Structure formats: structure tokens, C-alpha cells
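Shown next: coords-v5.cif, containing mmCIF, C-alpha atoms.
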data_run
loop_
_atom_site.label_atom_id
_atom_site.label_comp_id
_atom_site.auth_asym_id
_atom_site.auth_seq_id
_atom_site.Cartn_x
_atom_site.Cartn_y
_atom_site.Cartn_z
CA MET J 921 61.29 107.97 -26.58
CA ASP J 922 64.40 108.11 -28.73
CA PRO J 923 64.33 105.03 -31.02
CA GLU J 924 68.11 105.12 -31.50
CA TRP J 925 68.70 105.14 -27.74
CA PHE J 926 66.25 102.29 -27.24
CA GLN J 927 67.87 100.24 -30.00
CA ALA J 928 71.33 100.80 -28.47
CA PHE J 929 69.98 99.87 -25.02
CA ASN J 930 68.30 96.77 -26.45
CA ASP J 931 71.42 95.71 -28.37
CA TYR J 932 73.64 96.17 -25.32
CA THR J 933 71.40 94.24 -22.91
CA ARG J 934 70.95 91.40 -25.39
CA SER J 935 74.70 91.19 -26.02
CA ARG J 936 75.37 90.98 -22.27
CA GLY J 937 72.56 88.49 -21.69
CA VAL J 938 74.27 85.74 -23.69
CA VAL J 939 77.61 85.95 -21.87
CA PRO J 940 77.84 82.83 -19.65
CA HIS J 941 79.15 84.54 -16.50
CA VAL J 942 76.56 87.32 -16.83
CA LYS J 943 73.78 84.73 -17.19
CA ARG J 944 75.03 82.92 -14.06
CA THR J 945 75.24 86.14 -12.10
CA MET J 946 71.74 87.22 -13.14
CA ARG J 947 70.30 83.83 -12.17
CA GLN J 948 71.95 84.10 -8.75
CA LEU J 949 70.68 87.65 -8.25
CA VAL J 950 67.14 86.72 -9.20
CA ARG J 951 67.20 83.62 -7.00
CA SER J 952 68.59 85.44 -3.95
CA GLY J 953 66.79 88.73 -4.44
CA THR J 954 63.25 87.56 -4.98
CA LYS J 955 60.69 86.14 -2.63
CA GLN J 956 56.96 85.86 -2.70
CA VAL J 957 55.15 88.39 -0.57
CA PRO J 958 52.33 86.63 1.31
CA ASP J 959 48.81 87.67 0.34
CA ALA J 960 48.05 88.53 3.96
CA GLU J 961 50.82 91.14 3.84
CA LEU J 962 49.64 92.48 0.48
CA ARG J 963 46.09 92.81 1.81
CA ARG J 964 47.42 95.16 4.50
CA ILE J 965 48.17 97.76 1.82
CA ASP J 966 45.64 100.43 2.66
CA VAL J 967 45.81 102.55 -0.49
CA ARG J 968 44.09 101.75 -3.75
CA THR J 969 46.40 99.65 -5.85
CA ALA J 970 46.52 98.74 -9.54
CA LEU J 971 48.88 96.51 -11.49
CA LEU J 972 50.56 97.61 -14.74
CA TRP J 973 52.18 94.76 -16.65
CA GLY J 974 53.88 94.05 -19.95
CA ARG J 975 52.02 91.29 -21.80
CA HIS J 976 55.27 89.61 -22.85
CA ASP J 977 57.17 89.82 -19.55
CA ARG J 978 59.41 86.75 -19.44
CA PHE J 979 60.74 87.44 -15.95
CA VAL J 980 57.38 87.81 -14.22
CA PRO J 981 54.73 86.40 -16.57
CA VAL J 982 51.41 88.19 -16.94
CA GLY J 983 49.68 85.09 -15.55
CA LEU J 984 51.06 85.96 -12.12
CA ALA J 985 49.58 89.44 -12.43
CA GLU J 986 46.24 88.00 -13.53
CA SER J 987 46.22 85.69 -10.54
CA ALA J 988 47.15 88.49 -8.13
CA SER J 989 44.50 90.74 -9.65
CA THR J 990 41.86 88.07 -9.11
CA ARG J 991 42.98 87.17 -5.58
CA LEU J 992 43.50 90.72 -4.34
CA GLY J 993 40.87 92.58 -6.33
CA TRP J 994 43.42 94.94 -7.84
CA PRO J 995 42.71 96.14 -11.39
CA LEU J 996 45.22 94.92 -13.96
CA HIS J 997 46.31 96.99 -16.96
CA VAL J 998 48.26 94.94 -19.48
CA ILE J 999 50.48 96.77 -21.94
CA ASP J 1000 50.68 95.03 -25.30
CA ASP J 1001 53.96 94.80 -27.21
CA ALA J 1002 55.90 95.17 -23.95
CA GLY J 1003 57.90 92.85 -21.75
CA HIS J 1004 59.48 93.43 -18.36
CA VAL J 1005 60.08 97.17 -18.77
CA PRO J 1006 56.91 98.54 -20.37
CA HIS J 1007 57.73 102.09 -19.26
CA ILE J 1008 60.78 101.94 -21.53
CA GLU J 1009 59.47 99.64 -24.26
CA GLN J 1010 56.10 101.33 -24.75
CA PRO J 1011 56.27 104.64 -22.86
CA GLN J 1012 53.09 106.17 -24.27
CA ALA J 1013 51.06 102.99 -23.70
CA PHE J 1014 52.48 102.84 -20.17
CA LEU J 1015 51.47 106.45 -19.49
CA ASP J 1016 48.00 105.78 -20.92
CA ALA J 1017 47.61 102.71 -18.67
CA LEU J 1018 48.86 104.70 -15.69
CA ALA J 1019 46.33 107.44 -16.43
CA ASP J 1020 43.56 104.84 -16.72
CA ALA J 1021 44.61 103.25 -13.43
CA THR J 1022 44.74 106.63 -11.74
CA ASN J 1023 41.32 107.59 -13.04
CA GLU J 1024 39.87 104.28 -11.81
CA GLN J 1025 41.27 104.93 -8.38
CA GLY J 1026 38.98 107.90 -7.91
#
For the structure just supplied, provide its representation as C-alpha cells.
Amino acid sequence: MDPEWFQAFNDYTRSRGVVPHVKRTMRQLVRSGTKQVPDAELRRIDVRTALLWGRHDRFVPVGLAESASTRLGWPLHVIDDAGHVPHIEQPQAFLDALADATNEQG
């Protein structure tokens, strides 16, 4: 919640993100480290589940969360003015969404 820390974090990650070998490495990590979890496996989750998502997530767009919410019946809480790391970008909004999701869960 320290604006100076967040600005330094943001500046650093953006500066690294434009370096060609860092971009290549990140693409390789994402490609090799991600796979779709089949819906049948997700439906085996036997605890109440909610999705919390940053509206402006460029890595995993909110449309994927909307689709999963519809298919799986999981409530979706979208955090405005946040991307891939809403707990860092909008910590209070994230905590509010988490509280809402927890309250919905009974």
C-alpha cells in the first residue's frame, strides 16, 4: 500500500519487460508452464469457489474468467483498474472483493 514501492516495482518490471532476452524467456516460461485444466477436473473441486480477476489482465483476459464463471457456476468478482496482480495493484478493492466472495460462500 506504499505508492512509492508500487511505483518502483512497476518501473522495474516495465524496464525488464522490454529487454529482448527477458521477453523471450517469459514467452517460453508461459508457453511451457501453462496448460488448460479440463472442466471435468475443475468440477471435481468440492469446496465453494469464486473467481477474483483484474478487469485489465493482459495475461489471462477477463473473458476467460467470464466464460469459466458461466460454465462452472462460480461467482466472478472483477476488480476495476487492475490487471494481472489485483492484490498488488488495487489491494483494498481486492480485499473488498475477497470479503464479498467469502460472504457469498456462506
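For the point (53.0, 92.9, -26.9), the residues with an atom at a distance of at most 6 Å are Arg975, His976, Asp1000, Asp1001 and Ala1002 of chain J, counting only C-alpha atoms.
Within 10 Å of J:Phe926, once only C-alpha atoms are used and residues closer than 6 positions along the same chain are dropped, the contacting residues are Tyr932, Ile1008 and Glu1009 of chain J.
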Near stretch 980-988 of chain J, counting only C-alpha atoms, which residues have an atom at most 10 Å away, once you skip same-chain residues fewer than 3 positions from it, shown as a PDB file with C-alpha atoms, in the coordinates of the input?
ATOM      1  CA  ASP J 959      48.810  87.670   0.340  1.00  0.00           C
ATOM      2  CA  LEU J 962      49.640  92.480   0.480  1.00  0.00           C
ATOM      3  CA  LEU J 971      48.880  96.510 -11.490  1.00  0.00           C
ATOM      4  CA  LEU J 972      50.560  97.610 -14.740  1.00  0.00           C
ATOM      5  CA  TRP J 973      52.180  94.760 -16.650  1.00  0.00           C
ATOM      6  CA  GLY J 974      53.880  94.050 -19.950  1.00  0.00           C
ATOM      7  CA  ARG J 975      52.020  91.290 -21.800  1.00  0.00           C
ATOM      8  CA  HIS J 976      55.270  89.610 -22.850  1.00  0.00           C
ATOM      9  CA  ASP J 977      57.170  89.820 -19.550  1.00  0.00           C
ATOM     10  CA  ARG J 991      42.980  87.170  -5.580  1.00  0.00           C
ATOM     11  CA  LEU J 992      43.500  90.720  -4.340  1.00  0.00           C
ATOM     12  CA  GLY J 993      40.870  92.580  -6.330  1.00  0.00           C
ATOM     13  CA  TRP J 994      43.420  94.940  -7.840  1.00  0.00           C
ATOM     14  CA  PRO J 995      42.710  96.140 -11.390  1.00  0.00           C
ATOM     15  CA  LEU J 996      45.220  94.920 -13.960  1.00  0.00           C
ATOM     16  CA  HIS J 997      46.310  96.990 -16.960  1.00  0.00           C
ATOM     17  CA  VAL J 998      48.260  94.940 -19.480  1.00  0.00           C
ATOM     18  CA  ILE J 999      50.480  96.770 -21.940  1.00  0.00           C
ATOM     19  CA  GLY J1003      57.900  92.850 -21.750  1.00  0.00           C
ATOM     20  CA  HIS J1004      59.480  93.430 -18.360  1.00  0.00           C
TER      21      HIS J1004
END
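We find atom CA of J:Thr969 and atom CA of J:His1007 to be spaced 17.7 Å apart.
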Enclose all atoms of stretch 1007-1018 of chain J listed in the file in an axis-aligned box, grow every side by 4 Å, and hand back centre and edge lengths in Å to one decimal, as JSON.
{"center_x": 54.2, "center_y": 103.0, "center_z": -20.2, "size_x": 21.2, "size_y": 14.8, "size_z": 17.1}
Which value, in Å to one decimal, gives the distance between atom CA of J:Pro1006 and atom CA of J:Arg978?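 Computing the Euclidean distance for atom CA of J:Pro1006 and atom CA of J:Arg978 yields 12.1 Å.
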